[in-house]
Amino acid sequence: MLRIITLGSLVLLVLAAGMARADSIETLTQNVFTTAESLDAGLTQAGVHFTLGENYRSFYPAFRIGLGALAEVGVMFGATTADVGPENKVGIMAGADIKYQLIKQTEGVPVDMAVDLGFNTNIVSGENISEVTFSTIFSRSYPLTERGYKVTPYGGLQLSVLYGSYLPKNKTDYYVFGGAEWRLAQKTMLYAELKTGNHTLGGIGIRFEY
């Protein structure tokens, strides 16, 4: 637990130290905050996430629902504060994604693998920035106790397509990301993640399962 909390804190401190006020927004991409393992049918997770990016910060509740057949959907909504020009601008954000697990970790298979298709949009000063993402995710679980407590490092690659009235033109970004999920109780998970490529961002989160 201490290592994950320390990792998350260091990520946010480094990003905060490197932020500089900009004249325009280049991206409002968010962290992935999910492993490659899909939830079982009927299981639901709910929590809150915080992302610190280059000249923006996002805080948002998030929900994930297991659909069965190795599929899972997620939704999120919240607020983003962007440092633009002489003042901060606050916008609203919403998004959704669907994840499908292609490979399941077993004794003979060392990792889980999944693909994820996502969409999120932000409205800032009456204009929007929307993003379509496609991610390939790998993860491996390490049990800590027989009661289900475990640590799951995860990582992968992401393609991000940005468009909207706020941007002068559409753009495509590429990222690699890595993080960890720590199940500190049977129904409670902590997250810390770093995502970098065309831009760099980090975040932390907590989710509860029921």
# chains A, B, ... in the order shown; residues from 1 in each chain; ligands from 1
$ residues_around --residues "Trp182 in chain A" --least-positions-apart "6" --cutoff "7 Å" --atoms "only C-alpha atoms" --output "list in words"
Met1, Lys150, Val151, Thr152, Met189, Leu190 and Tyr191 of chain A
$ select_by_dssp --residues "range 66-186 of chain A" --states "strand (DSSP E)" --output "mmCIF file with N, CA, C and O atoms, in the first residue's frame"
data_model
loop_
_atom_site.group_PDB
_atom_site.id
_atom_site.type_symbol
_atom_site.label_atom_id
_atom_site.label_comp_id
_atom_site.auth_asym_id
_atom_site.auth_seq_id
_atom_site.Cartn_x
_atom_site.Cartn_y
_atom_site.Cartn_z
ATOM 1 N N GLY A 66 -19.792 -4.977 -14.824
ATOM 2 C CA GLY A 66 -19.492 -6.195 -15.550
ATOM 3 C C GLY A 66 -20.708 -6.671 -16.337
ATOM 4 O O GLY A 66 -21.796 -6.828 -15.783
ATOM 5 N N LEU A 67 -20.522 -6.910 -17.626
ATOM 6 C CA LEU A 67 -21.617 -7.342 -18.493
ATOM 7 C C LEU A 67 -21.651 -8.853 -18.675
ATOM 8 O O LEU A 67 -22.647 -9.395 -19.169
ATOM 9 N N GLY A 68 -20.591 -9.524 -18.298
ATOM 10 C CA GLY A 68 -20.488 -10.958 -18.577
ATOM 11 C C GLY A 68 -19.802 -11.186 -19.900
ATOM 12 O O GLY A 68 -19.600 -10.258 -20.696
ATOM 13 N N ALA A 71 -16.820 -8.901 -20.878
ATOM 14 C CA ALA A 71 -17.026 -7.512 -21.278
ATOM 15 C C ALA A 71 -17.357 -6.652 -20.057
ATOM 16 O O ALA A 71 -17.933 -7.125 -19.076
ATOM 17 N N GLU A 72 -17.017 -5.374 -20.154
ATOM 18 C CA GLU A 72 -17.215 -4.438 -19.046
ATOM 19 C C GLU A 72 -17.397 -3.035 -19.613
ATOM 20 O O GLU A 72 -16.767 -2.661 -20.614
ATOM 21 N N VAL A 73 -18.271 -2.240 -19.002
ATOM 22 C CA VAL A 73 -18.460 -0.856 -19.431
ATOM 23 C C VAL A 73 -18.169 0.076 -18.262
ATOM 24 O O VAL A 73 -18.295 -0.300 -17.089
ATOM 25 N N GLY A 74 -17.780 1.293 -18.595
ATOM 26 C CA GLY A 74 -17.536 2.301 -17.584
ATOM 27 C C GLY A 74 -18.123 3.635 -17.999
ATOM 28 O O GLY A 74 -18.222 3.934 -19.200
ATOM 29 N N VAL A 75 -18.527 4.424 -17.020
ATOM 30 C CA VAL A 75 -18.995 5.793 -17.269
ATOM 31 C C VAL A 75 -18.360 6.713 -16.233
ATOM 32 O O VAL A 75 -18.020 6.282 -15.130
ATOM 33 N N MET A 76 -18.194 7.987 -16.612
ATOM 34 C CA MET A 76 -17.626 8.964 -15.683
ATOM 35 C C MET A 76 -18.216 10.331 -15.978
ATOM 36 O O MET A 76 -18.664 10.610 -17.094
ATOM 37 N N PHE A 77 -18.204 11.184 -14.980
ATOM 38 C CA PHE A 77 -18.635 12.572 -15.161
ATOM 39 C C PHE A 77 -18.002 13.391 -14.040
ATOM 40 O O PHE A 77 -17.741 12.889 -12.950
ATOM 41 N N GLY A 78 -17.725 14.663 -14.332
ATOM 42 C CA GLY A 78 -17.089 15.479 -13.317
ATOM 43 C C GLY A 78 -16.727 16.848 -13.845
ATOM 44 O O GLY A 78 -17.397 17.394 -14.721
ATOM 45 N N ALA A 79 -15.626 17.399 -13.329
ATOM 46 C CA ALA A 79 -15.216 18.759 -13.670
ATOM 47 C C ALA A 79 -13.732 18.789 -13.994
ATOM 48 O O ALA A 79 -12.938 18.020 -13.457
ATOM 49 N N THR A 80 -13.367 19.716 -14.889
ATOM 50 C CA THR A 80 -11.973 19.949 -15.263
ATOM 51 C C THR A 80 -11.655 21.423 -15.101
ATOM 52 O O THR A 80 -12.439 22.284 -15.516
ATOM 53 N N THR A 81 -10.514 21.714 -14.496
ATOM 54 C CA THR A 81 -10.026 23.086 -14.387
ATOM 55 C C THR A 81 -8.792 23.221 -15.267
ATOM 56 O O THR A 81 -7.823 22.486 -15.102
ATOM 57 N N ALA A 82 -8.843 24.142 -16.234
ATOM 58 C CA ALA A 82 -7.740 24.344 -17.169
ATOM 59 C C ALA A 82 -7.103 25.707 -16.938
ATOM 60 O O ALA A 82 -7.801 26.711 -16.737
ATOM 61 N N ASP A 83 -5.771 25.747 -16.950
ATOM 62 C CA ASP A 83 -5.027 26.995 -16.798
ATOM 63 C C ASP A 83 -4.798 27.584 -18.189
ATOM 64 O O ASP A 83 -3.912 27.142 -18.924
ATOM 65 N N VAL A 84 -5.596 28.571 -18.550
ATOM 66 C CA VAL A 84 -5.519 29.173 -19.881
ATOM 67 C C VAL A 84 -5.397 30.680 -19.733
ATOM 68 O O VAL A 84 -6.263 31.328 -19.137
ATOM 69 N N GLU A 87 -6.286 33.333 -16.436
ATOM 70 C CA GLU A 87 -7.254 32.819 -15.470
ATOM 71 C C GLU A 87 -7.516 31.337 -15.702
ATOM 72 O O GLU A 87 -7.246 30.788 -16.774
ATOM 73 N N ASN A 88 -8.037 30.681 -14.656
ATOM 74 C CA ASN A 88 -8.444 29.293 -14.768
ATOM 75 C C ASN A 88 -9.841 29.222 -15.371
ATOM 76 O O ASN A 88 -10.690 30.070 -15.114
ATOM 77 N N LYS A 89 -10.074 28.203 -16.178
ATOM 78 C CA LYS A 89 -11.396 27.975 -16.733
ATOM 79 C C LYS A 89 -11.896 26.623 -16.259
ATOM 80 O O LYS A 89 -11.173 25.625 -16.326
ATOM 81 N N VAL A 90 -13.120 26.597 -15.771
ATOM 82 C CA VAL A 90 -13.716 25.365 -15.261
ATOM 83 C C VAL A 90 -14.707 24.838 -16.289
ATOM 84 O O VAL A 90 -15.553 25.584 -16.794
ATOM 85 N N GLY A 91 -14.598 23.565 -16.596
ATOM 86 C CA GLY A 91 -15.499 22.933 -17.549
ATOM 87 C C GLY A 91 -16.096 21.670 -16.977
ATOM 88 O O GLY A 91 -15.665 21.165 -15.934
ATOM 89 N N ILE A 92 -17.093 21.158 -17.655
ATOM 90 C CA ILE A 92 -17.698 19.894 -17.267
ATOM 91 C C ILE A 92 -17.218 18.804 -18.209
ATOM 92 O O ILE A 92 -16.872 19.065 -19.368
ATOM 93 N N MET A 93 -17.166 17.587 -17.704
ATOM 94 C CA MET A 93 -16.695 16.467 -18.510
ATOM 95 C C MET A 93 -17.590 15.257 -18.304
ATOM 96 O O MET A 93 -18.228 15.097 -17.258
ATOM 97 N N ALA A 94 -17.646 14.403 -19.318
ATOM 98 C CA ALA A 94 -18.387 13.149 -19.240
ATOM 99 C C ALA A 94 -17.756 12.172 -20.223
ATOM 100 O O ALA A 94 -17.154 12.578 -21.220
ATOM 101 N N GLY A 95 -17.880 10.892 -19.929
ATOM 102 C CA GLY A 95 -17.291 9.914 -20.822
ATOM 103 C C GLY A 95 -17.789 8.506 -20.550
ATOM 104 O O GLY A 95 -18.469 8.249 -19.548
ATOM 105 N N ALA A 96 -17.450 7.610 -21.459
ATOM 106 C CA ALA A 96 -17.829 6.206 -21.330
ATOM 107 C C ALA A 96 -16.821 5.358 -22.086
ATOM 108 O O ALA A 96 -16.128 5.847 -22.995
ATOM 109 N N ASP A 97 -16.707 4.099 -21.704
ATOM 110 C CA ASP A 97 -15.827 3.187 -22.433
ATOM 111 C C ASP A 97 -16.376 1.772 -22.325
ATOM 112 O O ASP A 97 -17.185 1.459 -21.446
ATOM 113 N N ILE A 98 -15.939 0.920 -23.239
ATOM 114 C CA ILE A 98 -16.269 -0.505 -23.175
ATOM 115 C C ILE A 98 -14.979 -1.295 -23.333
ATOM 116 O O ILE A 98 -14.152 -0.990 -24.194
ATOM 117 N N LYS A 99 -14.794 -2.265 -22.454
ATOM 118 C CA LYS A 99 -13.577 -3.080 -22.418
ATOM 119 C C LYS A 99 -13.924 -4.540 -22.666
ATOM 120 O O LYS A 99 -14.937 -5.034 -22.155
ATOM 121 N N TYR A 100 -13.090 -5.198 -23.456
ATOM 122 C CA TYR A 100 -13.283 -6.631 -23.704
ATOM 123 C C TYR A 100 -11.975 -7.357 -23.422
ATOM 124 O O TYR A 100 -10.928 -7.029 -23.988
ATOM 125 N N GLN A 101 -12.046 -8.349 -22.547
ATOM 126 C CA GLN A 101 -10.862 -9.113 -22.163
ATOM 127 C C GLN A 101 -10.611 -10.226 -23.172
ATOM 128 O O GLN A 101 -11.429 -11.115 -23.372
ATOM 129 N N LEU A 102 -9.447 -10.197 -23.809
ATOM 130 C CA LEU A 102 -9.091 -11.176 -24.832
ATOM 131 C C LEU A 102 -8.381 -12.389 -24.252
ATOM 132 O O LEU A 102 -8.550 -13.507 -24.737
ATOM 133 N N ILE A 103 -7.549 -12.172 -23.228
ATOM 134 C CA ILE A 103 -6.754 -13.246 -22.640
ATOM 135 C C ILE A 103 -6.936 -13.197 -21.131
ATOM 136 O O ILE A 103 -6.882 -12.117 -20.529
ATOM 137 N N ASP A 112 -3.237 -11.067 -18.068
ATOM 138 C CA ASP A 112 -4.510 -10.729 -18.697
ATOM 139 C C ASP A 112 -4.231 -9.726 -19.812
ATOM 140 O O ASP A 112 -3.298 -8.923 -19.738
ATOM 141 N N MET A 113 -5.084 -9.745 -20.844
ATOM 142 C CA MET A 113 -4.974 -8.775 -21.929
ATOM 143 C C MET A 113 -6.372 -8.346 -22.321
ATOM 144 O O MET A 113 -7.290 -9.170 -22.407
ATOM 145 N N ALA A 114 -6.545 -7.048 -22.573
ATOM 146 C CA ALA A 114 -7.852 -6.525 -22.964
ATOM 147 C C ALA A 114 -7.673 -5.372 -23.946
ATOM 148 O O ALA A 114 -6.595 -4.770 -24.037
ATOM 149 N N VAL A 115 -8.742 -5.075 -24.666
ATOM 150 C CA VAL A 115 -8.798 -3.879 -25.499
ATOM 151 C C VAL A 115 -9.936 -3.007 -24.973
ATOM 152 O O VAL A 115 -10.932 -3.514 -24.447
ATOM 153 N N ASP A 116 -9.782 -1.700 -25.119
ATOM 154 C CA ASP A 116 -10.755 -0.764 -24.563
ATOM 155 C C ASP A 116 -10.995 0.370 -25.558
ATOM 156 O O ASP A 116 -10.043 0.970 -26.071
ATOM 157 N N LEU A 117 -12.274 0.643 -25.828
ATOM 158 C CA LEU A 117 -12.666 1.749 -26.703
ATOM 159 C C LEU A 117 -13.396 2.777 -25.855
ATOM 160 O O LEU A 117 -14.379 2.452 -25.176
ATOM 161 N N GLY A 118 -12.906 4.018 -25.848
ATOM 162 C CA GLY A 118 -13.471 5.034 -24.968
ATOM 163 C C GLY A 118 -13.812 6.325 -25.683
ATOM 164 O O GLY A 118 -13.301 6.625 -26.778
ATOM 165 N N PHE A 119 -14.685 7.097 -25.066
ATOM 166 C CA PHE A 119 -15.047 8.431 -25.556
ATOM 167 C C PHE A 119 -15.252 9.339 -24.358
ATOM 168 O O PHE A 119 -15.914 8.956 -23.381
ATOM 169 N N ASN A 120 -14.679 10.536 -24.398
ATOM 170 C CA ASN A 120 -14.995 11.533 -23.376
ATOM 171 C C ASN A 120 -15.029 12.913 -24.006
ATOM 172 O O ASN A 120 -14.378 13.162 -25.032
ATOM 173 N N THR A 121 -15.788 13.793 -23.399
ATOM 174 C CA THR A 121 -15.925 15.145 -23.926
ATOM 175 C C THR A 121 -15.909 16.148 -22.783
ATOM 176 O O THR A 121 -16.375 15.853 -21.675
ATOM 177 N N ASN A 122 -15.332 17.303 -23.045
ATOM 178 C CA ASN A 122 -15.262 18.394 -22.083
ATOM 179 C C ASN A 122 -15.855 19.651 -22.719
ATOM 180 O O ASN A 122 -15.619 19.925 -23.903
ATOM 181 N N ILE A 123 -16.613 20.398 -21.942
ATOM 182 C CA ILE A 123 -17.144 21.681 -22.401
ATOM 183 C C ILE A 123 -16.517 22.777 -21.552
ATOM 184 O O ILE A 123 -16.703 22.819 -20.334
ATOM 185 N N VAL A 124 -15.733 23.632 -22.216
ATOM 186 C CA VAL A 124 -15.011 24.714 -21.552
ATOM 187 C C VAL A 124 -15.345 26.019 -22.267
ATOM 188 O O VAL A 124 -15.149 26.135 -23.480
ATOM 189 N N GLU A 127 -17.295 25.841 -25.493
ATOM 190 C CA GLU A 127 -16.750 25.067 -26.597
ATOM 191 C C GLU A 127 -16.332 23.698 -26.080
ATOM 192 O O GLU A 127 -16.086 23.522 -24.894
ATOM 193 N N ASN A 128 -16.235 22.735 -26.999
ATOM 194 C CA ASN A 128 -15.968 21.370 -26.544
ATOM 195 C C ASN A 128 -14.654 20.822 -27.086
ATOM 196 O O ASN A 128 -14.183 21.208 -28.164
ATOM 197 N N ILE A 129 -14.072 19.939 -26.291
ATOM 198 C CA ILE A 129 -12.934 19.112 -26.701
ATOM 199 C C ILE A 129 -13.346 17.669 -26.469
ATOM 200 O O ILE A 129 -13.625 17.278 -25.334
ATOM 201 N N SER A 130 -13.410 16.897 -27.528
ATOM 202 C CA SER A 130 -13.814 15.493 -27.420
ATOM 203 C C SER A 130 -12.644 14.593 -27.785
ATOM 204 O O SER A 130 -11.756 14.980 -28.554
ATOM 205 N N GLU A 131 -12.668 13.378 -27.225
ATOM 206 C CA GLU A 131 -11.562 12.439 -27.421
ATOM 207 C C GLU A 131 -12.115 11.027 -27.606
ATOM 208 O O GLU A 131 -12.967 10.577 -26.850
ATOM 209 N N VAL A 132 -11.611 10.351 -28.627
ATOM 210 C CA VAL A 132 -11.871 8.925 -28.823
ATOM 211 C C VAL A 132 -10.560 8.185 -28.593
ATOM 212 O O VAL A 132 -9.523 8.567 -29.152
ATOM 213 N N THR A 133 -10.587 7.176 -27.734
ATOM 214 C CA THR A 133 -9.361 6.441 -27.409
ATOM 215 C C THR A 133 -9.511 4.961 -27.718
ATOM 216 O O THR A 133 -10.608 4.399 -27.616
ATOM 217 N N PHE A 134 -8.402 4.352 -28.092
ATOM 218 C CA PHE A 134 -8.324 2.899 -28.226
ATOM 219 C C PHE A 134 -7.088 2.436 -27.476
ATOM 220 O O PHE A 134 -5.976 2.889 -27.751
ATOM 221 N N SER A 135 -7.289 1.555 -26.503
ATOM 222 C CA SER A 135 -6.194 1.124 -25.631
ATOM 223 C C SER A 135 -6.034 -0.392 -25.671
ATOM 224 O O SER A 135 -7.025 -1.128 -25.750
ATOM 225 N N THR A 136 -4.797 -0.813 -25.596
ATOM 226 C CA THR A 136 -4.463 -2.221 -25.369
ATOM 227 C C THR A 136 -3.852 -2.310 -23.980
ATOM 228 O O THR A 136 -2.883 -1.594 -23.678
ATOM 229 N N ILE A 137 -4.423 -3.160 -23.121
ATOM 230 C CA ILE A 137 -4.053 -3.204 -21.705
ATOM 231 C C ILE A 137 -3.537 -4.593 -21.335
ATOM 232 O O ILE A 137 -4.148 -5.608 -21.716
ATOM 233 N N PHE A 138 -2.447 -4.635 -20.591
ATOM 234 C CA PHE A 138 -1.901 -5.868 -20.038
ATOM 235 C C PHE A 138 -1.814 -5.719 -18.518
ATOM 236 O O PHE A 138 -1.498 -4.637 -18.017
ATOM 237 N N SER A 139 -2.078 -6.794 -17.800
ATOM 238 C CA SER A 139 -1.941 -6.749 -16.345
ATOM 239 C C SER A 139 -1.675 -8.152 -15.812
ATOM 240 O O SER A 139 -1.946 -9.155 -16.476
ATOM 241 N N TYR A 142 -1.055 -10.311 -8.412
ATOM 242 C CA TYR A 142 -0.202 -10.973 -7.439
ATOM 243 C C TYR A 142 -0.963 -11.062 -6.125
ATOM 244 O O TYR A 142 -1.115 -10.051 -5.419
ATOM 245 N N PRO A 143 -1.486 -12.236 -5.784
ATOM 246 C CA PRO A 143 -2.243 -12.383 -4.529
ATOM 247 C C PRO A 143 -1.366 -12.092 -3.322
ATOM 248 O O PRO A 143 -0.200 -12.476 -3.267
ATOM 249 N N LYS A 150 -4.911 -8.344 -3.231
ATOM 250 C CA LYS A 150 -3.897 -8.538 -4.259
ATOM 251 C C LYS A 150 -3.443 -7.197 -4.820
ATOM 252 O O LYS A 150 -4.122 -6.178 -4.684
ATOM 253 N N VAL A 151 -2.278 -7.205 -5.460
ATOM 254 C CA VAL A 151 -1.756 -6.059 -6.205
ATOM 255 C C VAL A 151 -1.709 -6.448 -7.674
ATOM 256 O O VAL A 151 -1.250 -7.536 -8.021
ATOM 257 N N THR A 152 -2.189 -5.548 -8.545
ATOM 258 C CA THR A 152 -2.227 -5.825 -9.973
ATOM 259 C C THR A 152 -1.561 -4.691 -10.738
ATOM 260 O O THR A 152 -2.191 -3.651 -11.003
ATOM 261 N N PRO A 153 -0.275 -4.833 -11.095
ATOM 262 C CA PRO A 153 0.340 -3.857 -11.995
ATOM 263 C C PRO A 153 -0.293 -3.968 -13.383
ATOM 264 O O PRO A 153 -0.639 -5.067 -13.832
ATOM 265 N N TYR A 154 -0.454 -2.842 -14.056
ATOM 266 C CA TYR A 154 -1.009 -2.861 -15.408
ATOM 267 C C TYR A 154 -0.325 -1.810 -16.268
ATOM 268 O O TYR A 154 0.307 -0.871 -15.763
ATOM 269 N N GLY A 155 -0.432 -1.971 -17.575
ATOM 270 C CA GLY A 155 0.164 -1.012 -18.497
ATOM 271 C C GLY A 155 -0.300 -1.299 -19.904
ATOM 272 O O GLY A 155 -0.987 -2.292 -20.170
ATOM 273 N N GLY A 156 0.081 -0.417 -20.815
ATOM 274 C CA GLY A 156 -0.322 -0.634 -22.194
ATOM 275 C C GLY A 156 -0.055 0.560 -23.077
ATOM 276 O O GLY A 156 0.689 1.480 -22.725
ATOM 277 N N LEU A 157 -0.694 0.531 -24.239
ATOM 278 C CA LEU A 157 -0.559 1.562 -25.257
ATOM 279 C C LEU A 157 -1.919 2.164 -25.544
ATOM 280 O O LEU A 157 -2.946 1.480 -25.468
ATOM 281 N N GLN A 158 -1.930 3.457 -25.899
ATOM 282 C CA GLN A 158 -3.201 4.112 -26.190
ATOM 283 C C GLN A 158 -3.065 5.049 -27.387
ATOM 284 O O GLN A 158 -2.103 5.811 -27.499
ATOM 285 N N LEU A 159 -4.071 4.991 -28.261
ATOM 286 C CA LEU A 159 -4.226 5.916 -29.371
ATOM 287 C C LEU A 159 -5.344 6.889 -29.008
ATOM 288 O O LEU A 159 -6.435 6.467 -28.607
ATOM 289 N N SER A 160 -5.103 8.190 -29.124
ATOM 290 C CA SER A 160 -6.070 9.214 -28.753
ATOM 291 C C SER A 160 -6.324 10.135 -29.944
ATOM 292 O O SER A 160 -5.384 10.719 -30.497
ATOM 293 N N VAL A 161 -7.590 10.276 -30.343
ATOM 294 C CA VAL A 161 -7.977 11.180 -31.424
ATOM 295 C C VAL A 161 -8.797 12.318 -30.813
ATOM 296 O O VAL A 161 -9.839 12.075 -30.195
ATOM 297 N N LEU A 162 -8.320 13.545 -30.978
ATOM 298 C CA LEU A 162 -8.953 14.720 -30.391
ATOM 299 C C LEU A 162 -9.612 15.567 -31.472
ATOM 300 O O LEU A 162 -9.051 15.766 -32.553
ATOM 301 N N TYR A 163 -10.793 16.078 -31.146
ATOM 302 C CA TYR A 163 -11.488 16.972 -32.068
ATOM 303 C C TYR A 163 -12.454 17.839 -31.265
ATOM 304 O O TYR A 163 -12.678 17.605 -30.079
ATOM 305 N N LYS A 171 -6.453 16.234 -34.011
ATOM 306 C CA LYS A 171 -5.090 15.755 -33.801
ATOM 307 C C LYS A 171 -5.115 14.350 -33.237
ATOM 308 O O LYS A 171 -6.099 13.921 -32.630
ATOM 309 N N THR A 172 -4.014 13.634 -33.447
ATOM 310 C CA THR A 172 -3.865 12.268 -32.951
ATOM 311 C C THR A 172 -2.650 12.197 -32.044
ATOM 312 O O THR A 172 -1.558 12.651 -32.421
ATOM 313 N N ASP A 173 -2.839 11.672 -30.836
ATOM 314 C CA ASP A 173 -1.751 11.511 -29.878
ATOM 315 C C ASP A 173 -1.545 10.035 -29.566
ATOM 316 O O ASP A 173 -2.470 9.216 -29.701
ATOM 317 N N TYR A 174 -0.342 9.700 -29.106
ATOM 318 C CA TYR A 174 -0.004 8.333 -28.734
ATOM 319 C C TYR A 174 0.586 8.332 -27.328
ATOM 320 O O TYR A 174 1.350 9.232 -26.961
ATOM 321 N N TYR A 175 0.227 7.302 -26.559
ATOM 322 C CA TYR A 175 0.655 7.231 -25.166
ATOM 323 C C TYR A 175 1.063 5.817 -24.778
ATOM 324 O O TYR A 175 0.567 4.830 -25.354
ATOM 325 N N VAL A 176 1.922 5.741 -23.784
ATOM 326 C CA VAL A 176 2.127 4.514 -23.012
ATOM 327 C C VAL A 176 1.703 4.838 -21.585
ATOM 328 O O VAL A 176 1.815 5.995 -21.148
ATOM 329 N N PHE A 177 1.192 3.857 -20.872
ATOM 330 C CA PHE A 177 0.746 4.105 -19.506
ATOM 331 C C PHE A 177 1.082 2.903 -18.632
ATOM 332 O O PHE A 177 1.221 1.771 -19.111
ATOM 333 N N GLY A 178 1.228 3.178 -17.359
ATOM 334 C CA GLY A 178 1.488 2.119 -16.398
ATOM 335 C C GLY A 178 1.000 2.530 -15.031
ATOM 336 O O GLY A 178 1.025 3.712 -14.674
ATOM 337 N N GLY A 179 0.519 1.570 -14.288
ATOM 338 C CA GLY A 179 0.010 1.868 -12.957
ATOM 339 C C GLY A 179 -0.179 0.602 -12.154
ATOM 340 O O GLY A 179 0.308 -0.473 -12.521
ATOM 341 N N ALA A 180 -0.894 0.740 -11.061
ATOM 342 C CA ALA A 180 -1.148 -0.404 -10.199
ATOM 343 C C ALA A 180 -2.500 -0.260 -9.524
ATOM 344 O O ALA A 180 -2.916 0.857 -9.182
ATOM 345 N N GLU A 181 -3.170 -1.381 -9.379
ATOM 346 C CA GLU A 181 -4.392 -1.474 -8.576
ATOM 347 C C GLU A 181 -4.062 -2.288 -7.334
ATOM 348 O O GLU A 181 -3.536 -3.391 -7.443
ATOM 349 N N TRP A 182 -4.364 -1.734 -6.175
ATOM 350 C CA TRP A 182 -4.131 -2.455 -4.932
ATOM 351 C C TRP A 182 -5.467 -2.695 -4.244
ATOM 352 O O TRP A 182 -6.148 -1.743 -3.865
ATOM 353 N N ARG A 183 -5.828 -3.962 -4.138
ATOM 354 C CA ARG A 183 -7.057 -4.331 -3.434
ATOM 355 C C ARG A 183 -6.723 -4.438 -1.956
ATOM 356 O O ARG A 183 -6.268 -5.464 -1.468
ATOM 357 N N LEU A 184 -6.949 -3.343 -1.237
ATOM 358 C CA LEU A 184 -6.547 -3.298 0.160
ATOM 359 C C LEU A 184 -7.573 -3.928 1.080
ATOM 360 O O LEU A 184 -7.299 -4.209 2.240
ATOM 361 N N ALA A 185 -8.783 -4.149 0.568
ATOM 362 C CA ALA A 185 -9.823 -4.906 1.255
ATOM 363 C C ALA A 185 -10.600 -5.645 0.183
ATOM 364 O O ALA A 185 -10.403 -5.405 -1.007
#
$ select_by_dssp --residues "chain A" --states "helix (DSSP H, G or I)" --output "mmCIF file with N, CA, C and O atoms, in the first residue's frame"
data_model
loop_
_atom_site.group_PDB
_atom_site.id
_atom_site.type_symbol
_atom_site.label_atom_id
_atom_site.label_comp_id
_atom_site.auth_asym_id
_atom_site.auth_seq_id
_atom_site.Cartn_x
_atom_site.Cartn_y
_atom_site.Cartn_z
ATOM 1 N N LEU A 2 1.911 1.247 0.867
ATOM 2 C CA LEU A 2 2.783 2.409 0.983
ATOM 3 C C LEU A 2 3.452 2.724 -0.339
ATOM 4 O O LEU A 2 3.589 3.893 -0.718
ATOM 5 N N ARG A 3 3.853 1.679 -1.074
ATOM 6 C CA ARG A 3 4.520 1.914 -2.351
ATOM 7 C C ARG A 3 3.574 2.558 -3.357
ATOM 8 O O ARG A 3 3.969 3.462 -4.098
ATOM 9 N N ILE A 4 2.317 2.120 -3.395
ATOM 10 C CA ILE A 4 1.359 2.683 -4.342
ATOM 11 C C ILE A 4 1.040 4.125 -3.981
ATOM 12 O O ILE A 4 0.985 5.010 -4.838
ATOM 13 N N ILE A 5 0.833 4.403 -2.696
ATOM 14 C CA ILE A 5 0.567 5.772 -2.263
ATOM 15 C C ILE A 5 1.759 6.676 -2.572
ATOM 16 O O ILE A 5 1.610 7.801 -3.052
ATOM 17 N N THR A 6 2.980 6.167 -2.318
ATOM 18 C CA THR A 6 4.184 6.940 -2.610
ATOM 19 C C THR A 6 4.315 7.205 -4.095
ATOM 20 O O THR A 6 4.643 8.322 -4.522
ATOM 21 N N LEU A 7 4.057 6.180 -4.930
ATOM 22 C CA LEU A 7 4.123 6.341 -6.379
ATOM 23 C C LEU A 7 3.147 7.412 -6.850
ATOM 24 O O LEU A 7 3.502 8.300 -7.621
ATOM 25 N N GLY A 8 1.902 7.333 -6.364
ATOM 26 C CA GLY A 8 0.900 8.316 -6.761
ATOM 27 C C GLY A 8 1.282 9.718 -6.345
ATOM 28 O O GLY A 8 1.127 10.675 -7.111
ATOM 29 N N SER A 9 1.796 9.865 -5.129
ATOM 30 C CA SER A 9 2.192 11.185 -4.631
ATOM 31 C C SER A 9 3.345 11.760 -5.443
ATOM 32 O O SER A 9 3.347 12.946 -5.791
ATOM 33 N N LEU A 10 4.347 10.937 -5.771
ATOM 34 C CA LEU A 10 5.488 11.408 -6.543
ATOM 35 C C LEU A 10 5.066 11.837 -7.939
ATOM 36 O O LEU A 10 5.541 12.854 -8.464
ATOM 37 N N VAL A 11 4.173 11.054 -8.562
ATOM 38 C CA VAL A 11 3.687 11.399 -9.899
ATOM 39 C C VAL A 11 3.032 12.773 -9.885
ATOM 40 O O VAL A 11 3.305 13.638 -10.723
ATOM 41 N N LEU A 12 2.150 12.999 -8.928
ATOM 42 C CA LEU A 12 1.433 14.269 -8.871
ATOM 43 C C LEU A 12 2.362 15.431 -8.538
ATOM 44 O O LEU A 12 2.223 16.523 -9.086
ATOM 45 N N LEU A 13 3.339 15.225 -7.660
ATOM 46 C CA LEU A 13 4.276 16.288 -7.310
ATOM 47 C C LEU A 13 5.147 16.680 -8.495
ATOM 48 O O LEU A 13 5.385 17.868 -8.740
ATOM 49 N N VAL A 14 5.621 15.690 -9.253
ATOM 50 C CA VAL A 14 6.454 15.982 -10.418
ATOM 51 C C VAL A 14 5.664 16.756 -11.458
ATOM 52 O O VAL A 14 6.136 17.737 -12.039
ATOM 53 N N LEU A 15 4.430 16.327 -11.705
ATOM 54 C CA LEU A 15 3.612 17.026 -12.688
ATOM 55 C C LEU A 15 3.287 18.441 -12.238
ATOM 56 O O LEU A 15 3.307 19.373 -13.023
ATOM 57 N N ALA A 16 2.960 18.600 -10.962
ATOM 58 C CA ALA A 16 2.627 19.929 -10.454
ATOM 59 C C ALA A 16 3.828 20.867 -10.566
ATOM 60 O O ALA A 16 3.691 22.045 -10.898
ATOM 61 N N ALA A 17 5.009 20.351 -10.304
ATOM 62 C CA ALA A 17 6.208 21.185 -10.376
ATOM 63 C C ALA A 17 6.514 21.614 -11.801
ATOM 64 O O ALA A 17 7.073 22.685 -12.035
ATOM 65 N N GLY A 18 6.112 20.786 -12.769
ATOM 66 C CA GLY A 18 6.442 21.085 -14.160
ATOM 67 C C GLY A 18 5.382 21.847 -14.907
ATOM 68 O O GLY A 18 5.573 22.196 -16.071
#
$ atom_distance --atom1 "CA of Gln105 in chain A" --atom2 "CA of Arg207 in chain A"
22.2 Å
